[in-house]
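Structure data (mmCIF, C-alpha atoms) from final-v3.cif:
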data_model
#
loop_
_atom_site.label_atom_id
_atom_site.label_comp_id
_atom_site.auth_asym_id
_atom_site.auth_seq_id
_atom_site.Cartn_x
_atom_site.Cartn_y
_atom_site.Cartn_z
CA MET Y 179 0.00 0.00 0.00
CA THR Y 180 1.31 3.44 -0.93
CA SER Y 181 2.01 5.54 2.13
CA VAL Y 182 3.94 8.65 3.01
CA PHE Y 183 6.05 6.34 5.17
CA GLU Y 184 7.60 4.89 2.01
CA PHE Y 185 9.22 8.17 0.99
CA LEU Y 186 9.37 10.08 4.26
CA ARG Y 187 11.70 8.21 6.58
CA VAL Y 188 10.49 9.76 9.76
CA ARG Y 189 13.59 9.45 11.91
CA GLN Y 190 14.61 13.05 12.42
CA ALA Y 191 13.03 15.35 14.97
CA GLY Y 192 12.66 18.06 12.36
CA LEU Y 193 10.24 15.87 10.40
CA ALA Y 194 7.65 15.73 13.14
CA ALA Y 195 4.87 16.89 10.84
CA CYS Y 196 5.58 13.96 8.55
CA VAL Y 197 4.96 11.54 11.37
CA LEU Y 198 1.42 12.80 11.65
CA ALA Y 199 1.03 13.15 7.90
CA ALA Y 200 1.89 9.48 7.44
CA GLY Y 201 -1.13 8.47 9.41
CA PHE Y 202 -3.37 10.18 6.88
CA ALA Y 203 -1.59 9.45 3.60
CA VAL Y 204 -2.70 5.83 3.52
CA GLN Y 205 -6.20 6.78 2.37
CA ALA Y 206 -5.03 7.41 -1.20
CA SER Y 207 -4.83 3.68 -1.88
CA ALA Y 208 -6.75 2.19 1.05
CA GLN Y 209 -9.31 0.61 -1.23
CA GLU Y 210 -6.51 -1.16 -3.12
CA ALA Y 211 -4.81 -2.52 0.00
CA LYS Y 212 -4.66 -6.19 0.81
CA THR Y 213 -7.68 -6.69 3.02
CA ASP Y 214 -6.03 -9.56 4.91
CA SER Y 215 -3.91 -6.94 6.69
CA TYR Y 216 -6.99 -5.35 8.25
CA LEU Y 217 -10.28 -6.26 9.87
CA ARG Y 218 -12.59 -4.54 7.39
CA ASP Y 219 -16.36 -4.66 7.43
CA PRO Y 220 -17.64 -5.20 3.86
CA ASP Y 221 -20.23 -2.48 4.52
CA SER Y 222 -17.41 0.07 4.89
CA VAL Y 223 -16.87 0.00 1.12
CA ALA Y 224 -19.30 1.98 -1.05
CA ALA Y 225 -19.12 2.68 -4.78
CA THR Y 226 -21.39 5.72 -4.54
CA PRO Y 227 -22.67 7.96 -1.71
CA ALA Y 228 -26.11 6.39 -2.12
CA ALA Y 229 -24.58 3.00 -1.32
CA MET Y 230 -23.03 4.12 2.00
CA LYS Y 231 -24.09 1.94 4.94
CA PRO Y 232 -23.45 1.85 8.68
CA TYR Y 233 -20.47 -0.34 9.49
CA LYS Y 234 -18.44 -1.60 12.41
CA GLN Y 235 -14.73 -0.84 12.57
CA ALA Y 236 -12.57 -3.40 14.36
CA ILE Y 237 -8.90 -2.86 15.17
CA ARG Y 238 -6.62 -5.82 14.66
CA ASP Y 239 -4.90 -7.28 17.75
CA THR Y 240 -7.44 -5.60 20.02
CA GLU Y 241 -11.00 -6.13 21.16
CA VAL Y 242 -11.99 -2.62 20.08
CA VAL Y 243 -15.00 -2.26 17.80
CA PHE Y 244 -16.83 1.00 17.13
CA GLU Y 245 -19.70 1.95 14.84
CA MET Y 246 -19.65 4.40 11.95
CA LEU Y 247 -22.83 5.89 10.49
CA PRO Y 248 -23.29 7.36 6.99
CA ILE Y 249 -23.97 11.10 6.84
CA PRO Y 250 -25.51 12.13 3.49
CA GLY Y 251 -24.10 15.08 1.64
CA GLY Y 252 -26.17 18.21 1.22
CA GLU Y 253 -26.57 21.89 2.02
CA PHE Y 254 -27.63 23.47 5.28
CA VAL Y 255 -27.79 26.85 6.97
CA MET Y 256 -24.97 27.10 9.53
CA GLY Y 257 -25.25 29.26 12.62
CA SER Y 258 -28.27 30.53 14.53
CA PRO Y 259 -30.92 33.12 13.68
CA GLU Y 260 -30.91 36.37 15.63
CA SER Y 261 -34.26 35.33 17.09
CA GLU Y 262 -32.87 32.20 18.78
CA LYS Y 263 -32.96 32.37 22.56
CA ASP Y 264 -29.53 32.50 24.28
CA ARG Y 265 -27.80 33.05 20.94
CA ASN Y 266 -24.22 34.36 20.90
CA GLU Y 267 -22.89 36.81 18.33
CA ASP Y 268 -20.23 34.37 17.08
CA GLU Y 269 -23.03 32.15 15.72
CA GLY Y 270 -23.76 34.53 12.90
CA PRO Y 271 -24.37 35.60 10.33
CA GLN Y 272 -26.13 32.45 9.19
CA HIS Y 273 -24.80 31.18 5.89
CA LYS Y 274 -25.28 28.29 3.49
CA VAL Y 275 -22.72 25.48 3.51
CA ARG Y 276 -22.38 22.50 1.20
CA ILE Y 277 -21.18 19.30 2.85
CA GLU Y 278 -19.80 16.24 1.08
CA PRO Y 279 -20.93 12.80 2.35
CA PHE Y 280 -18.97 11.16 5.14
CA TRP Y 281 -19.23 8.60 7.89
CA MET Y 282 -19.22 9.68 11.52
CA ALA Y 283 -18.65 7.69 14.69
CA LYS Y 284 -21.94 6.83 16.35
CA CYS Y 285 -20.45 7.74 19.73
CA GLU Y 286 -17.54 9.65 21.18
CA ILE Y 287 -14.15 7.88 21.38
CA THR Y 288 -13.90 6.03 24.70
CA TRP Y 289 -10.97 5.52 27.02
CA ASP Y 290 -10.68 1.84 26.15
CA GLU Y 291 -10.51 2.75 22.44
CA TYR Y 292 -7.98 5.53 23.02
CA ASP Y 293 -5.78 3.49 25.35
CA THR Y 294 -5.27 0.86 22.66
CA TRP Y 295 -3.07 3.47 21.02
CA ARG Y 296 -1.74 5.37 24.01
CA LEU Y 297 -0.53 2.28 25.87
CA ARG Y 298 0.63 0.45 22.72
CA LEU Y 299 -1.63 -2.45 23.59
CA ASP Y 300 -1.48 -3.56 19.96
CA GLN Y 301 2.27 -4.15 20.33
CA GLN Y 302 1.86 -5.94 23.65
CA ARG Y 303 -0.76 -8.31 22.25
CA ARG Y 304 1.41 -9.13 19.25
CA GLN Y 305 4.20 -10.07 21.62
CA LEU Y 306 1.90 -12.25 23.71
CA ALA Y 307 0.68 -13.98 20.55
CA ASN Y 308 4.29 -14.40 19.36
CA ARG Y 309 3.36 -12.65 16.12
CA THR Y 310 5.89 -10.68 14.07
CA ALA Y 311 5.00 -7.12 13.14
CA ASP Y 312 4.11 -6.66 9.48
CA GLU Y 313 4.06 -3.51 7.29
CA VAL Y 314 0.76 -2.30 8.74
CA ASP Y 315 2.04 -2.74 12.29
CA LEU Y 316 5.25 -0.85 11.60
CA LYS Y 317 3.47 2.11 10.02
CA ALA Y 318 0.95 2.36 12.84
CA ASP Y 319 3.63 1.96 15.51
CA ALA Y 320 5.64 4.80 13.97
CA THR Y 321 2.86 7.34 14.54
CA THR Y 322 3.93 9.78 17.21
CA ARG Y 323 2.27 9.08 20.55
CA PRO Y 324 1.57 11.14 23.68
CA THR Y 325 4.03 11.57 26.48
CA LYS Y 326 3.17 9.89 29.77
CA GLU Y 327 0.30 11.72 31.42
CA TYR Y 328 0.92 13.72 34.59
CA THR Y 329 -1.92 12.04 36.46
CA ASP Y 330 -4.83 9.63 35.91
CA MET Y 331 -6.72 11.55 33.25
CA THR Y 332 -10.03 9.85 34.10
CA PHE Y 333 -9.86 11.46 37.56
CA GLY Y 334 -11.80 8.48 38.85
CA MET Y 335 -14.84 9.27 36.69
CA GLY Y 336 -14.88 6.01 34.69
CA HIS Y 337 -12.88 4.23 32.00
CA ASP Y 338 -14.35 1.42 29.88
CA GLY Y 339 -17.21 2.78 27.81
CA PHE Y 340 -16.68 6.33 29.09
CA PRO Y 341 -15.50 9.15 26.79
CA ALA Y 342 -11.77 9.89 26.57
CA THR Y 343 -11.30 13.44 27.83
CA GLY Y 344 -8.61 15.96 28.71
CA LEU Y 345 -6.86 15.47 25.37
CA THR Y 346 -5.49 18.32 23.28
CA GLN Y 347 -6.55 18.72 19.68
CA LEU Y 348 -3.06 17.55 18.66
CA ASN Y 349 -3.57 14.39 20.70
CA ALA Y 350 -6.89 13.70 19.01
CA LYS Y 351 -5.41 14.32 15.56
CA SER Y 352 -2.54 11.95 16.27
CA TYR Y 353 -4.97 9.25 17.39
CA CYS Y 354 -6.74 9.65 14.04
CA ALA Y 355 -3.40 9.21 12.26
CA TRP Y 356 -2.71 5.98 14.12
CA LEU Y 357 -6.24 4.74 13.55
CA THR Y 358 -5.86 5.38 9.83
CA GLU Y 359 -2.67 3.30 9.62
CA ARG Y 360 -4.07 0.58 11.85
CA THR Y 361 -7.33 0.13 9.89
CA GLY Y 362 -6.51 1.15 6.32
CA GLN Y 363 -9.44 3.59 6.42
CA TYR Y 364 -8.91 7.36 6.45
CA TYR Y 365 -10.08 8.88 9.75
CA ARG Y 366 -9.80 12.47 10.99
CA LEU Y 367 -11.58 15.01 13.14
CA PRO Y 368 -14.66 16.70 11.62
CA THR Y 369 -14.54 20.30 10.50
CA GLU Y 370 -16.73 22.65 12.49
CA ALA Y 371 -19.18 22.77 9.57
CA GLU Y 372 -19.32 18.98 9.28
CA TRP Y 373 -19.91 18.72 13.01
CA GLU Y 374 -22.85 21.14 13.03
CA TYR Y 375 -24.33 19.57 9.91
CA ALA Y 376 -24.25 16.12 11.55
CA CYS Y 377 -25.55 17.46 14.85
CA ARG Y 378 -28.53 19.16 13.23
CA ALA Y 379 -29.27 16.06 11.13
CA GLY Y 380 -31.57 17.98 8.83
CA THR Y 381 -33.22 20.07 11.54
CA THR Y 382 -33.30 23.86 11.83
CA THR Y 383 -34.35 24.05 15.48
CA THR Y 384 -32.34 25.03 18.56
CA TYR Y 385 -31.53 21.38 19.26
CA SER Y 386 -31.72 18.37 16.97
CA PHE Y 387 -34.91 17.31 18.80
CA GLY Y 388 -36.66 20.69 18.77
CA ASP Y 389 -36.63 24.00 20.61
CA ASP Y 390 -37.69 22.90 24.08
CA PRO Y 391 -34.75 22.49 26.53
CA ALA Y 392 -37.09 20.59 28.85
CA GLN Y 393 -36.51 17.57 26.58
CA LEU Y 394 -32.73 17.65 27.07
CA ASP Y 395 -32.78 14.97 29.77
CA ASP Y 396 -33.85 12.44 27.14
CA TYR Y 397 -30.99 13.28 24.78
CA ALA Y 398 -28.10 14.69 26.78
CA TRP Y 399 -26.03 14.64 29.95
CA HIS Y 400 -25.74 18.22 31.15
CA TYR Y 401 -25.20 20.19 34.35
CA GLY Y 402 -28.75 19.59 35.52
CA ASN Y 403 -28.72 15.77 35.33
CA ALA Y 404 -25.11 14.54 35.12
CA ASP Y 405 -24.42 14.44 38.88
CA ASP Y 406 -20.96 16.03 38.44
CA ASN Y 407 -19.67 13.29 36.17
CA TYR Y 408 -19.40 12.31 32.54
CA HIS Y 409 -21.30 9.14 31.60
CA LYS Y 410 -20.95 6.11 29.36
CA VAL Y 411 -21.41 6.99 25.71
CA GLY Y 412 -24.61 6.12 23.89
CA THR Y 413 -26.89 5.98 26.93
CA LYS Y 414 -29.16 8.82 25.80
CA LYS Y 415 -31.43 9.00 22.76
CA PRO Y 416 -29.68 9.68 19.42
CA ASN Y 417 -30.36 12.51 17.01
CA PRO Y 418 -32.38 11.85 13.79
CA TRP Y 419 -29.30 10.41 12.05
CA GLY Y 420 -28.54 7.99 14.86
CA LEU Y 421 -25.65 9.88 16.48
CA HIS Y 422 -25.48 9.80 20.29
CA ASP Y 423 -24.25 12.56 22.62
CA MET Y 424 -24.00 15.28 19.99
CA HIS Y 425 -25.56 17.39 22.73
CA GLY Y 426 -23.79 17.10 26.06
CA ASN Y 427 -21.84 14.39 27.89
CA VAL Y 428 -18.52 15.76 26.59
CA ALA Y 429 -17.83 18.51 24.08
CA GLU Y 430 -15.95 17.51 20.94
CA TRP Y 431 -12.92 18.80 19.06
CA THR Y 432 -13.15 19.96 15.45
CA LEU Y 433 -10.31 20.77 13.02
CA ASP Y 434 -10.91 24.53 13.08
CA ARG Y 435 -9.22 27.47 14.71
CA TYR Y 436 -11.73 29.61 16.58
CA GLU Y 437 -12.48 33.08 15.21
CA ALA Y 438 -15.49 34.91 16.61
CA ASP Y 439 -16.19 36.60 13.27
CA PHE Y 440 -15.30 33.69 10.98
CA TYR Y 441 -18.86 33.36 9.68
CA SER Y 442 -18.79 36.91 8.34
CA LYS Y 443 -16.52 35.67 5.54
CA PHE Y 444 -19.46 33.74 4.10
CA ALA Y 445 -22.23 36.33 4.36
CA GLY Y 446 -24.53 36.60 1.36
CA ASP Y 447 -26.19 34.12 -0.95
CA LYS Y 448 -23.08 32.18 -1.97
CA VAL Y 449 -22.72 28.62 -0.74
CA ALA Y 450 -19.55 27.90 1.24
CA ILE Y 451 -17.81 24.65 0.27
CA PHE Y 452 -15.66 22.93 2.89
CA PRO Y 453 -15.20 26.04 5.05
CA LEU Y 454 -12.33 25.59 7.48
CA CYS Y 455 -10.60 28.12 9.72
CA ILE Y 456 -7.06 26.76 9.42
CA PRO Y 457 -5.08 27.00 12.68
CA ASN Y 458 -1.75 28.79 12.83
CA GLU Y 459 1.25 27.86 14.97
CA GLU Y 460 -0.48 29.05 18.13
CA GLU Y 461 -2.04 26.34 20.26
CA TYR Y 462 -5.11 28.45 21.08
CA PRO Y 463 -7.89 28.95 20.33
CA ARG Y 464 -9.32 25.83 18.61
CA VAL Y 465 -13.02 25.06 18.16
CA PHE Y 466 -14.92 22.47 20.15
CA ARG Y 467 -18.66 21.87 20.00
CA GLY Y 468 -21.68 20.24 21.59
CA GLY Y 469 -21.53 21.33 25.21
CA SER Y 470 -20.96 18.90 28.05
CA TRP Y 471 -21.89 17.58 31.47
CA ILE Y 472 -20.66 20.81 33.08
CA ASP Y 473 -22.76 23.07 30.84
CA GLU Y 474 -26.24 24.55 31.02
CA PRO Y 475 -28.80 24.00 28.20
CA PRO Y 476 -27.83 27.12 26.18
CA GLN Y 477 -24.30 25.74 25.71
CA LEU Y 478 -25.75 22.49 24.28
CA ARG Y 479 -27.52 24.19 21.38
CA SER Y 480 -26.65 22.95 17.87
CA ALA Y 481 -25.10 26.32 16.93
CA ALA Y 482 -23.15 26.98 20.17
CA ARG Y 483 -19.40 27.49 19.63
CA PHE Y 484 -16.45 27.26 22.01
CA GLY Y 485 -12.78 28.24 21.70
CA SER Y 486 -10.02 26.60 23.72
CA ASP Y 487 -7.73 28.66 25.96
CA PRO Y 488 -4.82 28.15 28.41
CA ASP Y 489 -7.22 27.72 31.34
CA LEU Y 490 -7.73 24.14 30.13
CA LYS Y 491 -4.20 23.45 31.46
CA SER Y 492 -4.26 25.63 34.55
CA GLN Y 493 -3.40 22.74 36.91
CA ASP Y 494 -0.57 21.33 34.79
CA PRO Y 495 2.62 21.90 36.84
CA GLN Y 496 5.02 20.87 34.07
CA LEU Y 497 7.35 23.23 32.21
CA PRO Y 498 6.77 23.30 29.35
CA GLN Y 499 3.16 22.33 29.85
CA SER Y 500 2.00 19.24 28.02
CA ARG Y 501 1.06 19.52 24.35
CA TRP Y 502 -0.95 16.31 24.75
CA TYR Y 503 -3.13 16.63 27.85
CA LEU Y 504 -5.53 19.17 29.35
CA THR Y 505 -5.70 18.81 33.12
CA ASP Y 506 -8.82 20.96 33.36
CA ALA Y 507 -10.90 19.48 30.54
CA THR Y 508 -12.74 16.43 31.78
CA HIS Y 509 -15.61 17.85 29.73
CA LEU Y 510 -13.79 17.74 26.35
CA GLY Y 511 -13.36 14.70 24.08
CA PHE Y 512 -13.75 13.88 20.38
CA ARG Y 513 -15.22 11.60 17.75
CA VAL Y 514 -13.93 10.68 14.30
CA VAL Y 515 -15.22 11.01 10.76
CA ARG Y 516 -14.28 9.29 7.51
CA PRO Y 517 -14.96 11.24 4.29
CA PHE Y 518 -16.50 9.33 1.41
CA LYS Y 519 -14.03 11.10 -0.88
CA PRO Y 520 -10.72 11.15 1.05
CA ASN Y 521 -8.59 14.26 1.10
CA THR Y 522 -5.59 14.37 -1.24
CA PRO Y 523 -2.07 14.57 0.26
CA GLU Y 524 -2.04 18.28 -0.62
CA GLU Y 525 -5.33 18.84 1.20
CA ILE Y 526 -4.08 16.86 4.18
CA LYS Y 527 -1.03 19.09 4.42
CA LYS Y 528 -3.23 22.19 4.21
CA TYR Y 529 -6.12 21.08 6.40
CA VAL Y 530 -4.77 18.52 8.84
CA ILE Y 531 -1.04 19.04 9.40
CA TYR Y 532 -0.73 22.23 11.40
CA PRO Y 533 2.31 24.31 12.38
CA ASP Y 534 1.87 23.20 16.01
CA THR Y 535 3.05 19.65 15.23
CA PRO Y 536 6.83 20.31 15.12
CA LYS Y 537 6.50 22.43 18.25
CA ALA Y 538 4.90 19.52 20.07
CA LEU Y 539 7.85 17.29 19.26
CA GLU Y 540 10.32 19.97 20.32
CA ASP Y 541 8.61 20.13 23.72
CA ARG Y 542 8.68 16.35 23.98
CA ILE Y 543 12.42 16.23 23.23
CA LYS Y 544 13.04 18.81 25.95
CA ARG Y 545 11.09 16.66 28.39
CA GLU Y 546 12.26 13.15 27.41
CA GLY Y 547 15.37 13.46 25.24
CA LYS Y 548 15.85 12.60 21.58
CA ASN Y 549 15.11 8.91 22.03
#
What's the structure tokens form of this structure?
Amino acid sequence: MTSVFEFLRVRQAGLAACVLAAGFAVQASAQEAKTDSYLRDPDSVAATPAAMKPYKQAIRDTEVVFEMLPIPGGEFVMGSPESEKDRNEDEGPQHKVRIEPFWMAKCEITWDEYDTWRLRLDQQRRQLANRTADEVDLKADATTRPTKEYTDMTFGMGHDGFPATGLTQLNAKSYCAWLTERTGQYYRLPTEAEWEYACRAGTTTTYSFGDDPAQLDDYAWHYGNADDNYHKVGTKKPNPWGLHDMHGNVAEWTLDRYEADFYSKFAGDKVAIFPLCIPNEEEYPRVFRGGSWIDEPPQLRSAARFGSDPDLKSQDPQLPQSRWYLTDATHLGFRVVRPFKPNTPEEIKKYVIYPDTPKALEDRIKREGKN
């Protein structure tokens, strides 16, 4: 299978961005790969958008299985009307956006899914099974991984089946890179537009279930019912497209940088196609969506936007502070998407590989040394 790994020998610290890029380059020929190297659900292959089906993604050498749901392409109006109760100014002006079809994870990524990568459980299980690493293993194992966390990042709130939280956007992106190499399917974070489109699921109301916040208890874990804790994913009702916890439980990372006036770039009758606020070398602010178990109903609205800031690491005593973990973000996680039409290597470099990646490796070298 063609991969960036075959022409970018990622052995030098200065090539940190290539390490992450490698995790996404595999999609260019994923459909041509030898399927015996992966555990691939036949329903994950579709000749046309109309043929897209839900499928289950297994990860070889692990017990992890998660569900992906098809999201049809289309146009929608992004943002909130000025008449919407509790609206914020950064949710406007409303504008039309065209979205290409993609699959989205039915639920947020859980700790047991994330730890398969973080703790290198795939390597450990190969060793226990006395199995030699093949090309797929080597590519996945080469993906840069987080440094050791400062403390138990679950903070005693739950592990198996509970959402993985307190992870930086870089951490989430790197997990997607590993998942891509491990499965042969191209996974990434959603753009902010893709996230809102999937959350609304064809609706134009305040929430995907209507305008009445009194119904939130049926669909979301929020400040009023969460009992100061996040909860197992998928325990509340889904939205019309079958996605769970798009409102509440934990908020979710997107690919975008946060700009309060970003929507003003798309004012008028023109339709925005793949709008993305590309981050610069600064770590903050980045967009996350959906609200969480610490938030009130207004923050769980489909149009509500959030931007990350240094307060998410206020309790991190390390110098430099971790580029991988957020000590004050037990309310922030992520889910993955898989575009029907994968991004090209050029698009990946533009949209997915950000200037913060080399900086993250520099900080890691300072903390742990070159090896």
Env of Y:Phe452: 9 Å cut, atoms = only C-alpha atoms, seq-sep filter 5 positions within chain, self excluded. Answer as a PDB file with C-alpha atoms, keeping the file's coordinate frame.
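Wrote out-v8.pdb, looks like this:
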ATOM      1  CA  VAL Y 275     -22.720  25.480   3.510  1.00  0.00           C
ATOM      2  CA  ARG Y 276     -22.380  22.500   1.200  1.00  0.00           C
ATOM      3  CA  ILE Y 277     -21.180  19.300   2.850  1.00  0.00           C
ATOM      4  CA  GLU Y 278     -19.800  16.240   1.080  1.00  0.00           C
ATOM      5  CA  THR Y 369     -14.540  20.300  10.500  1.00  0.00           C
ATOM      6  CA  ALA Y 371     -19.180  22.770   9.570  1.00  0.00           C
ATOM      7  CA  GLU Y 372     -19.320  18.980   9.280  1.00  0.00           C
TER       8      GLU Y 372
END
Within 8 Å of Y:Gly420, counting all atoms listed in the file, which residues show up once you throw out same-chain ones fewer than 2 positions away? Write them as a PyMOL selection string, please. chain Y and resi 247+284+416-418+422
Reference answer for the PyMOL selection byres ((chain Y and resi 287) around 7), as a PyMOL selection string: chain Y and resi 285-286+288-289+291-292+341-342+512-513
Residues picked by the PyMOL selection byres ((chain Y and resi 373) around 9) here, as a PDB file with C-alpha atoms, in the frame of the given file?
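In the end it all went to result00.pdb:
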ATOM      1  CA  PRO Y 368     -14.660  16.700  11.620  1.00  0.00           C
ATOM      2  CA  THR Y 369     -14.540  20.300  10.500  1.00  0.00           C
ATOM      3  CA  GLU Y 370     -16.730  22.650  12.490  1.00  0.00           C
ATOM      4  CA  ALA Y 371     -19.180  22.770   9.570  1.00  0.00           C
ATOM      5  CA  GLU Y 372     -19.320  18.980   9.280  1.00  0.00           C
ATOM      6  CA  GLU Y 374     -22.850  21.140  13.030  1.00  0.00           C
ATOM      7  CA  TYR Y 375     -24.330  19.570   9.910  1.00  0.00           C
ATOM      8  CA  ALA Y 376     -24.250  16.120  11.550  1.00  0.00           C
ATOM      9  CA  CYS Y 377     -25.550  17.460  14.850  1.00  0.00           C
ATOM     10  CA  ARG Y 378     -28.530  19.160  13.230  1.00  0.00           C
ATOM     11  CA  MET Y 424     -24.000  15.280  19.990  1.00  0.00           C
ATOM     12  CA  GLU Y 430     -15.950  17.510  20.940  1.00  0.00           C
ATOM     13  CA  THR Y 432     -13.150  19.960  15.450  1.00  0.00           C
ATOM     14  CA  ARG Y 467     -18.660  21.870  20.000  1.00  0.00           C
ATOM     15  CA  GLY Y 468     -21.680  20.240  21.590  1.00  0.00           C
TER      16      GLY Y 468
END
Find the axis-aligned box for stretch 373-386 of chain Y, covering all its listed atoms and adding 4 Å on each side, and write its centre and edge lengths in Å to one decimal as lines of an AutoDock Vina configuration file.
center_x = -27.1
center_y = 20.5
center_z = 14.0
size_x = 22.4
size_y = 17.0
size_z = 18.4
Atom pair atom CA of Y:Asp494 / atom CA of Y:Ala507: separation (Å): 11.3 Å
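Evaluated against this file, the PyMOL selection byres ((chain Y and resi 427-429) around 8) yields Pro341, Thr343, Ala398, Trp399, His400, Ala404, Tyr408, His409, Val411, Asp423, His425, Gly426, Glu430, Trp431, Phe466, Arg467, Gly468, Gly469, Ser470, Trp471, Thr508, His509, Leu510, Gly511 and Phe512 of chain Y.
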